[in-house]
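So this block is protein14.cif, mmCIF, C-alpha atoms:
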data_start
loop_
_atom_site.label_atom_id
_atom_site.label_comp_id
_atom_site.auth_asym_id
_atom_site.auth_seq_id
_atom_site.Cartn_x
_atom_site.Cartn_y
_atom_site.Cartn_z
CA MET A 27 -15.24 -21.77 35.77
CA PHE A 28 -18.61 -20.43 34.65
CA TRP A 29 -19.59 -19.59 38.23
CA GLN A 30 -17.57 -19.92 41.44
CA ASP A 31 -20.34 -20.58 43.90
CA TYR A 32 -23.87 -21.94 43.96
CA VAL A 33 -26.28 -21.48 46.86
CA ARG A 34 -29.76 -22.91 47.20
CA VAL A 35 -31.64 -20.41 49.30
CA GLU A 36 -34.65 -21.21 51.47
CA SER A 37 -36.37 -17.83 51.50
CA VAL A 38 -36.68 -14.64 49.47
CA ASP A 39 -35.10 -12.71 52.36
CA GLU A 40 -32.08 -14.98 52.34
CA ALA A 41 -31.71 -14.47 48.58
CA LEU A 42 -31.99 -10.68 48.94
CA ASP A 43 -29.46 -10.59 51.79
CA ASN A 44 -27.01 -12.59 49.68
CA LEU A 45 -27.55 -10.43 46.57
CA CYS A 46 -26.99 -7.34 48.68
CA ARG A 47 -23.82 -8.73 50.26
CA LEU A 48 -22.42 -9.74 46.86
CA SER A 49 -23.30 -6.32 45.37
CA GLY A 50 -23.61 -7.34 41.73
CA ASP A 51 -21.57 -10.55 41.89
CA GLY A 52 -24.59 -12.72 42.68
CA ARG A 53 -27.38 -13.67 40.31
CA ILE A 54 -30.75 -15.34 40.75
CA ILE A 55 -31.29 -18.70 39.06
CA ALA A 56 -34.55 -20.67 38.99
CA GLY A 57 -34.84 -23.40 36.34
CA GLY A 58 -31.73 -22.18 34.58
CA THR A 59 -32.68 -23.66 31.20
CA ASP A 60 -31.78 -20.38 29.49
CA LEU A 61 -29.35 -18.94 32.04
CA ILE A 62 -26.95 -21.91 32.09
CA LEU A 63 -26.52 -21.60 28.31
CA GLN A 64 -26.00 -17.82 28.56
CA LEU A 65 -23.40 -18.23 31.29
CA ARG A 66 -21.56 -20.89 29.28
CA ALA A 67 -21.59 -18.65 26.22
CA GLY A 68 -20.27 -15.72 28.25
CA GLN A 69 -23.37 -13.64 27.49
CA LYS A 70 -23.98 -13.25 31.21
CA LYS A 71 -21.50 -13.42 34.03
CA THR A 72 -21.73 -14.07 37.73
CA ARG A 73 -19.63 -15.25 40.62
CA CYS A 74 -22.43 -16.83 42.65
CA LEU A 75 -25.73 -18.31 41.53
CA MET A 76 -28.60 -18.05 44.02
CA ASP A 77 -31.08 -20.85 43.35
CA ILE A 78 -34.63 -19.87 44.37
CA SER A 79 -36.40 -22.89 42.85
CA SER A 80 -37.01 -24.59 46.18
CA VAL A 81 -38.35 -21.53 48.01
CA ASN A 82 -41.85 -22.70 48.96
CA SER A 83 -43.46 -19.26 48.85
CA LEU A 84 -42.40 -18.88 45.19
CA CYS A 85 -43.99 -22.13 44.01
CA GLY A 86 -47.66 -22.69 43.35
CA ILE A 87 -50.87 -21.31 41.94
CA THR A 88 -53.64 -19.73 44.03
CA HIS A 89 -57.06 -18.29 43.30
CA LYS A 90 -58.27 -15.43 45.48
CA ASN A 91 -61.17 -13.01 44.84
CA GLU A 92 -61.26 -13.38 41.04
CA LYS A 93 -57.48 -13.09 40.95
CA ILE A 94 -54.90 -15.71 40.08
CA ILE A 95 -51.52 -15.55 41.79
CA ILE A 96 -48.66 -17.64 40.40
CA GLY A 97 -45.38 -17.99 42.26
CA ALA A 98 -42.50 -17.01 40.00
CA ALA A 99 -40.68 -20.33 40.46
CA THR A 100 -43.69 -22.35 39.29
CA THR A 101 -42.65 -24.51 36.33
CA HIS A 102 -44.25 -24.52 32.90
CA SER A 103 -45.32 -28.14 33.51
CA GLN A 104 -47.08 -27.19 36.75
CA ILE A 105 -48.85 -24.36 34.95
CA SER A 106 -49.92 -26.43 31.95
CA ASN A 107 -51.15 -29.26 34.22
CA SER A 108 -53.10 -26.96 36.55
CA SER A 109 -56.85 -27.49 36.41
CA LEU A 110 -57.29 -24.12 38.13
CA LEU A 111 -55.59 -22.37 35.20
CA PHE A 112 -57.24 -24.60 32.62
CA THR A 113 -60.55 -23.16 33.84
CA ASN A 114 -59.51 -19.61 34.70
CA ALA A 115 -56.76 -18.76 32.21
CA PRO A 116 -56.79 -21.40 29.46
CA LEU A 117 -54.58 -19.33 27.18
CA LEU A 118 -51.77 -19.45 29.74
CA SER A 119 -52.08 -23.25 30.07
CA GLN A 120 -51.91 -23.55 26.29
CA ALA A 121 -48.93 -21.20 26.03
CA CYS A 122 -46.93 -23.00 28.71
CA SER A 123 -47.73 -26.43 27.28
CA GLN A 124 -45.95 -25.48 24.06
CA ILE A 125 -42.68 -24.16 25.46
CA GLY A 126 -39.55 -26.16 24.57
CA SER A 127 -39.88 -29.84 25.42
CA PRO A 128 -41.23 -31.81 28.40
CA GLN A 129 -37.73 -31.73 29.94
CA ILE A 130 -37.52 -27.94 29.60
CA ARG A 131 -41.07 -27.41 30.91
CA ASN A 132 -40.31 -29.60 33.94
CA ILE A 133 -37.50 -27.29 35.05
CA GLY A 134 -38.09 -23.92 33.36
CA THR A 135 -40.17 -21.40 35.34
CA ILE A 136 -42.61 -18.65 34.45
CA GLY A 137 -40.52 -16.06 36.32
CA GLY A 138 -37.49 -17.13 34.32
CA ASN A 139 -39.41 -16.83 31.07
CA ILE A 140 -40.26 -13.22 32.02
CA VAL A 141 -36.75 -12.24 33.13
CA ASN A 142 -35.21 -13.80 30.03
CA ALA A 143 -37.24 -11.24 28.04
CA GLN A 144 -37.37 -12.98 24.68
CA PRO A 145 -39.76 -11.25 22.25
CA ALA A 146 -41.31 -14.66 21.48
CA ALA A 147 -41.66 -15.92 25.07
CA ASP A 148 -44.89 -17.94 24.98
CA SER A 149 -45.88 -17.43 28.60
CA VAL A 150 -45.24 -13.68 28.36
CA ILE A 151 -47.48 -13.32 25.29
CA ALA A 152 -50.29 -14.98 27.26
CA LEU A 153 -49.56 -12.85 30.34
CA LEU A 154 -49.66 -9.64 28.25
CA ALA A 155 -53.09 -10.62 26.94
CA LEU A 156 -54.11 -11.29 30.55
CA ASP A 157 -52.80 -7.83 31.55
CA ALA A 158 -50.74 -9.42 34.31
CA THR A 159 -48.68 -7.59 36.90
CA CYS A 160 -45.51 -8.84 38.56
CA ILE A 161 -44.36 -8.37 42.11
CA ILE A 162 -40.67 -7.54 42.16
CA VAL A 163 -38.70 -7.28 45.37
CA SER A 164 -35.30 -5.83 46.08
CA LYS A 165 -33.59 -4.50 49.18
CA ASP A 166 -35.39 -1.20 48.50
CA GLY A 167 -38.79 -2.82 48.87
CA LEU A 168 -41.57 -4.19 46.77
CA ARG A 169 -42.85 -3.01 43.41
CA ASP A 170 -46.02 -3.97 41.57
CA MET A 171 -45.21 -3.69 37.87
CA PRO A 172 -47.41 -4.21 34.80
CA ILE A 173 -45.77 -6.98 32.76
CA GLU A 174 -45.54 -4.69 29.75
CA THR A 175 -43.05 -2.41 31.52
CA LEU A 176 -40.56 -5.21 32.17
CA PHE A 177 -38.90 -5.37 28.75
CA SER A 178 -36.50 -2.93 27.18
CA GLY A 179 -35.04 -4.92 24.28
CA PRO A 180 -34.54 -8.42 22.92
CA GLY A 181 -33.36 -10.51 25.87
CA ILE A 182 -33.14 -7.40 28.04
CA SER A 183 -35.42 -7.07 31.03
CA THR A 184 -35.78 -4.12 33.35
CA ILE A 185 -35.51 -6.70 36.14
CA ASP A 186 -31.87 -6.91 37.17
CA SER A 187 -31.32 -10.44 38.49
CA THR A 188 -28.27 -9.33 40.39
CA GLN A 189 -30.55 -7.15 42.58
CA HIS A 190 -34.21 -7.98 41.98
CA ILE A 191 -36.39 -11.04 42.38
CA VAL A 192 -39.74 -11.58 40.69
CA THR A 193 -41.84 -13.23 43.35
CA GLU A 194 -45.39 -13.39 42.00
CA ILE A 195 -47.45 -12.90 38.86
CA HIS A 196 -51.01 -11.63 39.31
CA PHE A 197 -53.91 -11.36 36.88
CA ASP A 198 -57.71 -11.42 36.85
CA THR A 199 -59.37 -14.69 35.99
CA VAL A 200 -60.85 -14.94 32.51
CA SER A 201 -64.55 -14.87 33.45
CA SER A 202 -66.96 -17.38 31.98
CA SER A 203 -68.53 -14.66 29.81
CA ALA A 204 -65.14 -13.73 28.32
CA GLY A 205 -63.15 -15.47 25.62
CA SER A 206 -59.46 -16.10 25.29
CA ALA A 207 -57.10 -17.90 22.94
CA PHE A 208 -53.43 -18.59 22.36
CA CYS A 209 -52.21 -19.48 18.87
CA ARG A 210 -48.73 -20.36 17.74
CA LEU A 211 -47.04 -20.84 14.40
CA SER A 212 -43.87 -22.92 14.43
CA ARG A 213 -41.99 -25.30 12.16
CA ARG A 214 -42.50 -28.32 14.38
CA LYS A 215 -44.88 -29.23 17.18
CA ALA A 216 -42.13 -29.58 19.80
CA GLY A 217 -38.69 -28.22 20.56
CA SER A 218 -39.32 -25.34 18.23
CA LEU A 219 -39.37 -21.62 18.90
CA PRO A 220 -42.41 -19.81 17.50
CA ILE A 221 -42.32 -18.05 14.13
CA LEU A 222 -45.24 -16.10 15.60
CA ASN A 223 -47.41 -16.41 18.67
CA CYS A 224 -50.54 -14.55 19.65
CA GLY A 225 -52.67 -14.24 22.78
CA VAL A 226 -56.16 -12.74 22.86
CA CYS A 227 -58.57 -11.89 25.71
CA LEU A 228 -61.92 -10.26 25.01
CA HIS A 229 -65.48 -9.68 26.12
CA TRP A 230 -68.39 -9.91 23.71
CA ASN A 231 -71.50 -7.75 23.96
CA SER A 232 -74.14 -9.73 22.11
CA GLU A 233 -76.79 -7.00 22.38
CA GLU A 234 -74.70 -4.41 20.64
CA ASN A 235 -72.61 -6.81 18.57
CA THR A 236 -69.41 -5.26 19.80
CA ILE A 237 -66.16 -6.48 21.25
CA THR A 238 -65.29 -4.86 24.57
CA GLN A 239 -62.13 -5.03 26.70
CA LEU A 240 -59.97 -6.51 23.98
CA ARG A 241 -56.29 -7.29 24.50
CA ILE A 242 -54.11 -8.76 21.76
CA ALA A 243 -50.46 -9.64 22.38
CA MET A 244 -48.03 -10.88 19.80
CA GLY A 245 -44.45 -12.07 19.45
CA PRO A 246 -41.85 -12.00 17.97
CA VAL A 247 -42.87 -8.94 15.97
CA ALA A 248 -40.84 -6.25 17.76
CA PRO A 249 -37.74 -6.14 19.98
CA THR A 250 -39.98 -6.94 22.96
CA PRO A 251 -43.23 -8.87 23.46
CA MET A 252 -45.88 -6.51 22.13
CA ARG A 253 -49.50 -5.43 22.64
CA LEU A 254 -51.27 -4.59 19.36
CA TYR A 255 -53.01 -1.44 20.62
CA GLU A 256 -53.96 -0.08 17.17
CA THR A 257 -55.50 -3.38 16.11
CA GLU A 258 -57.35 -3.59 19.44
CA LYS A 259 -58.71 -0.05 19.02
CA ALA A 260 -59.88 -0.75 15.47
CA PHE A 261 -61.69 -3.92 16.54
CA THR A 262 -63.55 -2.22 19.37
CA SER A 263 -64.41 1.04 17.59
CA ASP A 264 -67.29 -0.34 15.56
CA THR A 265 -69.96 -3.04 15.39
CA PHE A 266 -68.17 -6.30 14.80
CA SER A 267 -68.54 -8.15 11.50
CA MET A 268 -66.31 -10.31 9.33
CA LYS A 269 -65.96 -7.29 7.06
CA LEU A 270 -64.58 -5.26 9.98
CA MET A 271 -62.29 -8.19 10.81
CA GLN A 272 -60.78 -8.10 7.33
CA GLU A 273 -60.40 -4.31 7.32
CA VAL A 274 -58.64 -4.36 10.69
CA LEU A 275 -56.37 -7.27 9.80
CA ASN A 276 -55.27 -5.58 6.59
CA LYS A 277 -53.75 -2.83 8.72
CA THR A 278 -52.20 -5.07 11.38
CA PRO A 279 -48.89 -5.56 9.46
CA GLU A 280 -48.33 -1.77 9.69
CA GLU A 281 -48.35 -1.99 13.46
CA ILE A 282 -45.64 -4.63 13.80
CA CYS A 283 -41.96 -4.69 12.99
CA PRO A 284 -40.75 -8.30 12.83
CA ARG A 285 -37.21 -9.13 11.80
CA SER A 286 -36.06 -11.77 9.36
CA SER A 287 -34.47 -14.80 10.99
CA LEU A 288 -33.89 -18.48 10.26
CA ARG A 289 -37.38 -19.14 11.53
CA GLY A 290 -39.13 -16.82 9.11
CA GLY A 291 -38.70 -13.71 7.00
CA ARG A 292 -40.02 -10.27 7.89
CA GLU A 293 -42.56 -10.14 5.05
CA TYR A 294 -43.75 -13.69 5.75
CA ARG A 295 -44.25 -12.85 9.40
CA LYS A 296 -46.18 -9.68 8.51
CA GLU A 297 -48.54 -11.66 6.28
CA MET A 298 -48.92 -14.54 8.71
CA ALA A 299 -49.63 -12.12 11.57
CA LYS A 300 -52.99 -11.45 9.90
CA VAL A 301 -53.74 -15.18 9.79
CA LEU A 302 -52.71 -15.79 13.38
CA VAL A 303 -54.59 -12.80 14.84
CA LYS A 304 -57.69 -13.87 12.92
CA LYS A 305 -57.42 -17.43 14.16
CA ALA A 306 -57.00 -16.31 17.78
CA MET A 307 -59.79 -13.72 17.51
CA LEU A 308 -62.28 -16.22 16.06
CA LYS A 309 -61.43 -18.78 18.71
CA ALA A 310 -61.83 -16.24 21.54
CA LEU A 311 -65.03 -14.77 20.04
CA GLU A 312 -66.61 -18.19 19.78
CA ILE A 313 -65.81 -18.94 23.42
CA ALA A 314 -67.27 -15.56 24.43
CA GLY A 315 -70.57 -16.38 22.73
CA TRP A 316 -70.25 -14.68 19.35
CA ASN A 317 -72.27 -16.51 16.72
CA ASN A 318 -70.90 -16.19 13.20
CA GLY A 319 -73.78 -15.43 10.83
CA GLY A 320 -76.27 -15.65 13.72
CA MET B 29 -5.44 -29.87 51.51
CA ALA B 30 -9.07 -29.68 50.52
CA ASP B 31 -9.89 -27.42 47.58
CA ARG B 32 -12.07 -24.76 49.20
CA SER B 33 -13.69 -23.79 45.92
CA LYS B 34 -15.26 -27.25 45.68
CA LYS B 35 -18.62 -28.18 47.13
CA THR B 36 -19.83 -31.35 48.76
CA ILE B 37 -23.21 -32.74 47.79
CA SER B 38 -25.05 -35.97 48.33
CA VAL B 39 -27.25 -37.61 45.78
CA THR B 40 -28.96 -40.94 45.48
CA VAL B 41 -28.32 -42.41 42.05
CA ASN B 42 -30.11 -45.62 41.09
CA GLY B 43 -30.74 -46.33 44.77
CA ALA B 44 -27.14 -45.85 45.92
CA GLU B 45 -26.22 -42.86 48.03
CA HIS B 46 -23.12 -40.89 47.01
CA THR B 47 -21.30 -38.02 48.67
CA LEU B 48 -19.27 -36.09 46.13
CA THR B 49 -16.96 -33.11 46.23
CA ILE B 50 -17.32 -31.25 42.96
CA PRO B 51 -16.62 -27.89 41.32
CA PRO B 52 -19.73 -25.67 41.83
CA ASP B 53 -20.28 -25.29 38.08
CA ARG B 54 -20.51 -29.03 37.42
CA VAL B 55 -23.69 -30.05 35.60
CA LEU B 56 -25.55 -33.21 36.50
CA LEU B 57 -24.55 -34.91 33.22
CA ASP B 58 -20.82 -34.51 33.94
CA MET B 59 -21.30 -35.52 37.53
CA LEU B 60 -22.91 -38.78 36.40
CA ARG B 61 -20.43 -39.51 33.62
CA GLU B 62 -17.16 -38.20 35.04
CA ASP B 63 -17.54 -38.43 38.81
CA LEU B 64 -19.64 -41.58 39.02
CA GLY B 65 -18.53 -43.28 35.78
CA LEU B 66 -22.14 -43.80 34.71
CA THR B 67 -21.63 -43.30 30.99
CA GLY B 68 -24.99 -44.73 29.98
CA THR B 69 -26.35 -41.17 30.04
CA LYS B 70 -25.23 -39.59 26.76
CA ARG B 71 -24.06 -36.11 25.88
CA GLY B 72 -25.74 -35.14 22.63
CA CYS B 73 -26.12 -31.43 21.95
CA GLY B 74 -25.22 -30.28 25.46
CA ASN B 75 -27.77 -27.48 25.08
CA GLY B 76 -31.06 -29.03 26.18
CA GLU B 77 -32.30 -29.61 22.65
CA CYS B 78 -31.86 -33.35 21.99
CA GLY B 79 -32.80 -35.20 25.18
CA ALA B 80 -29.98 -37.77 24.93
CA CYS B 81 -28.92 -36.81 28.47
CA SER B 82 -32.43 -37.25 29.96
CA VAL B 83 -32.58 -38.66 33.47
CA ILE B 84 -35.36 -38.81 36.05
CA MET B 85 -34.74 -36.48 39.00
CA ASP B 86 -37.18 -36.76 41.91
CA GLY B 87 -39.81 -38.16 39.58
CA ILE B 88 -39.47 -35.66 36.76
CA LEU B 89 -37.69 -35.98 33.43
CA VAL B 90 -34.85 -33.47 33.04
CA ASN B 91 -32.04 -32.71 30.62
CA SER B 92 -29.03 -33.46 32.82
CA CYS B 93 -26.81 -31.23 30.65
CA LEU B 94 -28.74 -28.15 31.89
CA VAL B 95 -29.12 -29.05 35.55
CA PRO B 96 -26.35 -27.79 37.83
CA ALA B 97 -25.20 -30.69 40.02
CA MET B 98 -25.73 -28.36 42.99
CA LYS B 99 -29.42 -28.25 42.11
CA ALA B 100 -29.49 -32.04 42.33
CA ASN B 101 -28.10 -32.00 45.88
CA GLY B 102 -30.32 -34.19 48.04
CA SER B 103 -32.29 -35.56 45.14
CA GLU B 104 -32.92 -39.01 43.80
CA ILE B 105 -31.72 -39.70 40.27
CA LEU B 106 -32.56 -42.58 37.98
CA THR B 107 -30.31 -43.23 34.98
CA VAL B 108 -30.44 -45.98 32.39
CA GLU B 109 -28.08 -48.05 34.55
CA GLY B 110 -30.81 -48.21 37.16
CA LEU B 111 -33.48 -49.60 34.87
CA GLY B 112 -32.47 -53.24 34.61
CA ASP B 113 -30.16 -55.26 36.82
CA GLU B 114 -27.98 -58.31 36.53
CA GLY B 115 -31.08 -60.45 36.82
CA GLY B 116 -32.55 -59.04 33.64
CA LEU B 117 -33.65 -56.10 31.58
CA HIS B 118 -36.47 -53.74 32.47
CA PRO B 119 -39.74 -54.48 30.60
CA ILE B 120 -39.29 -51.22 28.62
CA GLN B 121 -35.83 -52.36 27.53
CA GLU B 122 -37.28 -55.77 26.57
CA ALA B 123 -39.93 -54.00 24.51
CA PHE B 124 -37.31 -51.88 22.71
CA LEU B 125 -35.40 -55.07 21.83
CA GLU B 126 -38.53 -56.92 20.80
CA LYS B 127 -39.77 -54.15 18.49
CA GLY B 128 -36.37 -53.21 17.04
CA ALA B 129 -36.58 -49.69 18.50
CA VAL B 130 -32.80 -49.32 18.72
CA GLN B 131 -30.56 -48.49 15.79
CA CYS B 132 -27.40 -46.53 16.61
CA GLY B 133 -28.48 -46.48 20.25
CA PHE B 134 -27.35 -42.98 21.15
CA CYS B 135 -30.84 -41.67 21.94
CA THR B 136 -31.89 -44.92 23.60
CA PRO B 137 -30.97 -44.22 27.26
CA GLY B 138 -32.85 -40.91 27.20
CA MET B 139 -35.72 -42.44 25.26
CA LEU B 140 -36.02 -45.29 27.80
CA LEU B 141 -36.20 -42.82 30.69
CA ALA B 142 -38.78 -40.65 28.90
CA ALA B 143 -40.80 -43.84 28.40
CA LYS B 144 -40.33 -44.90 32.03
CA ASN B 145 -41.44 -41.46 33.25
CA LEU B 146 -44.56 -41.63 31.07
CA LEU B 147 -45.49 -45.20 31.99
CA ASP B 148 -45.02 -44.53 35.71
CA GLN B 149 -47.72 -41.85 35.48
CA ASN B 150 -49.84 -43.35 32.73
CA PRO B 151 -49.50 -47.13 32.31
CA HIS B 152 -51.63 -47.28 29.14
CA PRO B 153 -50.85 -44.17 27.10
CA SER B 154 -52.35 -43.40 23.72
CA ILE B 155 -50.12 -42.95 20.67
CA GLU B 156 -50.58 -39.18 20.99
CA GLU B 157 -49.58 -39.26 24.66
CA ILE B 158 -46.48 -41.30 23.79
CA LYS B 159 -45.53 -38.84 21.03
CA LYS B 160 -45.88 -35.93 23.45
CA ALA B 161 -43.87 -37.71 26.15
CA ILE B 162 -40.91 -38.36 23.83
CA SER B 163 -41.19 -35.00 22.03
CA GLY B 164 -38.07 -33.78 23.82
CA ASN B 165 -35.98 -36.75 22.66
CA LEU B 166 -34.54 -36.67 19.17
CA CYS B 167 -33.78 -39.87 17.25
CA ARG B 168 -32.07 -39.52 13.89
CA CYS B 169 -32.23 -43.24 12.90
CA THR B 170 -35.56 -44.90 13.55
CA GLY B 171 -38.19 -42.43 12.39
CA TYR B 172 -39.72 -43.00 15.87
CA THR B 173 -42.29 -45.59 14.70
CA LYS B 174 -40.60 -48.56 16.36
CA ILE B 175 -39.95 -46.58 19.53
CA ILE B 176 -43.62 -45.63 19.79
CA GLU B 177 -44.66 -49.24 19.12
CA ALA B 178 -42.28 -50.45 21.81
CA ILE B 179 -43.58 -48.03 24.44
CA GLU B 180 -47.17 -48.82 23.53
CA SER B 181 -46.54 -52.56 23.92
CA VAL B 182 -45.04 -52.43 27.42
CA ASN B 183 -48.10 -52.88 29.61
CA ARG B 184 -50.19 -54.85 27.13
CA ALA B 185 -50.64 -58.56 27.61
CA ASP B 186 -50.46 -60.26 24.23
#

Can you turn what I pasted into structure tokens?
Amino acid sequence: MFWQDYVRVESVDEALDNLCRLSGDGRIIAGGTDLILQLRAGQKKTRCLMDISSVNSLCGITHKNEKIIIGAATTHSQISNSSLLFTNAPLLSQACSQIGSPQIRNIGTIGGNIVNAQPAADSVIALLALDATCIIVSKDGLRDMPIETLFSGPGISTIDSTQHIVTEIHFDTVSSSAGSAFCRLSRRKAGSLPILNCGVCLHWNSEENTITQLRIAMGPVAPTPMRLYETEKAFTSDTFSMKLMQEVLNKTPEEICPRSSLRGGREYRKEMAKVLVKKAMLKALEIAGWNNGG
Amino acid sequence: MADRSKKTISVTVNGAEHTLTIPPDRVLLDMLREDLGLTGTKRGCGNGECGACSVIMDGILVNSCLVPAMKANGSEILTVEGLGDEGGLHPIQEAFLEKGAVQCGFCTPGMLLAAKNLLDQNPHPSIEEIKKAISGNLCRCTGYTKIIEAIESVNRAD
């Protein structure tokens, strides 16, 4: 048997009590689209699965004081169909609309995508660009963690699902004067993991012709989803021009360390990273009011 | 004596209520095929890639090979067996026949349910919307053209 017991909990407290009682033998499940496969393959083990997908407080999207709060058990379909997010965080809508297939998006959750810690996780790349934080609860209390701190290796999260539960994801809305974009390179339009994906959030200062508050996230170009801090710094250190764009992009491959896989070789990914960052930057700049040649 | 490791769930499948006692690691696909004998739902890849096992659970399309049966407890499931009845085929099934959208037939049950799920929400979808709706269902025979034509023709009077 892959698991001996399965409990659908009705509250976060109930889930925490159970996890505590089982001391390591219980594990949180939400959509399960990744976890079921990992349990079948023996990559993860558990005695009891604790299903949090019908806990009301973990489902839904709210907008409060320029902040967006997404319940961790909200599905990718709910996120990509949300008009609130389409307006306030379009890059996250785009990212979630490209995960897996309709069937996977209908069941798979944003919290699960984070905990599964894949370096190419589409929603995580968008959330890194949004500088999101996650609320994580355990019997020891509540922690507010920047999303960037939640990954320690490919498929390895610092969130231990035998003890911790991600409850909410928070980030600031992308204001109407800002620009954002999510771009993805994959072999097919559906059912295909990304060769590369990139999320960008930025502000444009049209008086000084400079980019301010830039965040660029990229996957899978390192063992974990990655912020391109060097590239960001280079873009914001000078007056922006297409010449600067090219100079910065030429150095971007030095900042990343992709591996070769069936989906794409290391050198190919390094070259295409330049193309994808450029595409995402131009899209975000245009939205933020930058006028090429103007 | 009852096996204490087993769990009892109730589900409504194609309008009929069932109470089943199953191992807790049963997935919905096996529950449908093995426990209820509804073999219209196909096992393709078993990994959530191909969509052959697609069913509609509480109004959403899911890969039944990835859904623990325990998760389906209390839900309403529609499988291909629930589309038509003895009185006749469902209009989507008629359209698939009419347009020649079936070759080997293995993807067809999942394809029909993906189409049903789309048409329930959007009775007159565009070609692009149809392509997106069946993007989680692989067909290795038809090249999809006939399937798309069939779905497009369902709610059009000709």

Any idea which chain A residues end up within 12 Å of chain B if we count all atoms listed in the file, as an NGL selection string please?
:A and (27-35 or 55-67 or 72-80 or 101 or 103-104 or 123-134 or 214-219)

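As for CA of Asn42 in chain B and CA of Glu122 in chain B, they are spaced 19.1 Å apart.
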
Which residue of A:Gly291, A:Gly137, A:Gly225, A:Pro279 approaches Pro116 in chain A most closely, using only C-alpha atoms
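So, comparing all the options, the nearest one is A:Gly225.
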
Shell around range 229-236 of chain A at 6 Å using only C-alpha atoms, local window under 4 positions removed, as a short mmCIF file (atom, residue, chain, number, x, y, z; two decimals) with C-alpha atoms, in the coordinates of the input:
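Generated file (out05.cif):
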data_model
loop_
_atom_site.label_atom_id
_atom_site.label_comp_id
_atom_site.auth_asym_id
_atom_site.auth_seq_id
_atom_site.Cartn_x
_atom_site.Cartn_y
_atom_site.Cartn_z
CA ALA A 204 -65.14 -13.73 28.32
CA THR A 265 -69.96 -3.04 15.39
CA PHE A 266 -68.17 -6.30 14.80
CA ALA A 314 -67.27 -15.56 24.43
#

Give me the residues within 10 Å of Leu222 in chain A as a PyMOL selection string, counting all atoms listed in the file and dropping any in the same chain fewer than 2 places off.
chain A and resi 145-146+148+209-212+219-220+224+244-247+284+289-290+295-296+298-299+302-303

Write out as JSON, numbers by chain each polymer residue whose atoms come within 12 Å of Gly68 in chain B, counting only C-alpha atoms; drop sequence neighbours fewer than 2 positions from it.
{"B": [57, 58, 60, 61, 62, 64, 65, 66, 70, 71, 80, 81, 82, 83, 106, 107, 108, 109, 110, 111, 133, 134, 135, 136, 137, 138, 139, 140, 141]}

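The nearest approach to Gly86 in chain A among the residues A:Ile185, A:Leu168, A:Ala98, A:Ala155, with only C-alpha atoms taken into account, belongs to A:Ala98.
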
Step by step, work through what the PyMOL selection byres ((chain B and resi 39) around 7) selects in the shown file, and finish by giving those residues as a list of chain:residue names.
B:Ile37, B:Ser38, B:Thr40, B:Val41, B:Glu45, B:His46, B:Thr47, B:Ala100, B:Asn101, B:Gly102, B:Ser103, B:Glu104

The selected residues should be written to file as a CSV table (one decimal), in the frame of the given file (atoms: C-alpha atoms).
chain,number,residue,atom,x,y,z
B,37,ILE,CA,-23.2,-32.7,47.8
B,38,SER,CA,-25.0,-36.0,48.3
B,40,THR,CA,-29.0,-40.9,45.5
B,41,VAL,CA,-28.3,-42.4,42.0
B,45,GLU,CA,-26.2,-42.9,48.0
B,46,HIS,CA,-23.1,-40.9,47.0
B,47,THR,CA,-21.3,-38.0,48.7
B,100,ALA,CA,-29.5,-32.0,42.3
B,101,ASN,CA,-28.1,-32.0,45.9
B,102,GLY,CA,-30.3,-34.2,48.0
B,103,SER,CA,-32.3,-35.6,45.1
B,104,GLU,CA,-32.9,-39.0,43.8

Quick one: residues within 7 Å of Ser106 in chain A, only C-alpha atoms, excluding same-chain residues fewer than 6 positions away - as a list in words?
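Residues near the query, excluding close chain neighbours: Ser119, Gln120, Cys122 and Ser123 of chain A.
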
note - CA of Thr159 in chain A and CA of Gly205 in chain A are separated by 20.0 Å

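The environment of Phe124 in chain B within 7 Å, counting all atoms listed in the file and disregarding residues fewer than 4 places along the same chain, consists of Ile120, Gly128, Ala129, Val130, Ile175 and Ala178 of chain B.
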
What does the file look like for those residues with C-alpha atoms, as a PDB file, in the frame of the given file?
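File produced: result-v4.pdb:
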ATOM      1  CA  ILE B 120     -39.290 -51.220  28.620  1.00  0.00           C
ATOM      2  CA  GLY B 128     -36.370 -53.210  17.040  1.00  0.00           C
ATOM      3  CA  ALA B 129     -36.580 -49.690  18.500  1.00  0.00           C
ATOM      4  CA  VAL B 130     -32.800 -49.320  18.720  1.00  0.00           C
ATOM      5  CA  ILE B 175     -39.950 -46.580  19.530  1.00  0.00           C
ATOM      6  CA  ALA B 178     -42.280 -50.450  21.810  1.00  0.00           C
TER       7      ALA B 178
END

Which is closest to Val226 in chain A among A:Ala248, A:Ala147, A:Ala306, A:Leu176, if we use all atoms listed in the file?
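Once distances to Val226 in chain A are computed over all atoms listed in the file, the minimum belongs to A:Ala306.
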
Counting all atoms listed in the file, I want the residues whose atoms come within 9 Å of (-53.5, -3.6, 17.3) in the file frame, returned as a PyMOL selection string.
chain A and resi 241-243+253-261+274-275+277-278+281-282

On this structure, the PyMOL selection byres ((chain B and resi 183) around 7) would catch which residues? List them as number ranges by chain, sorted by chain and number.
B: 151-152, 181-182, 184-185
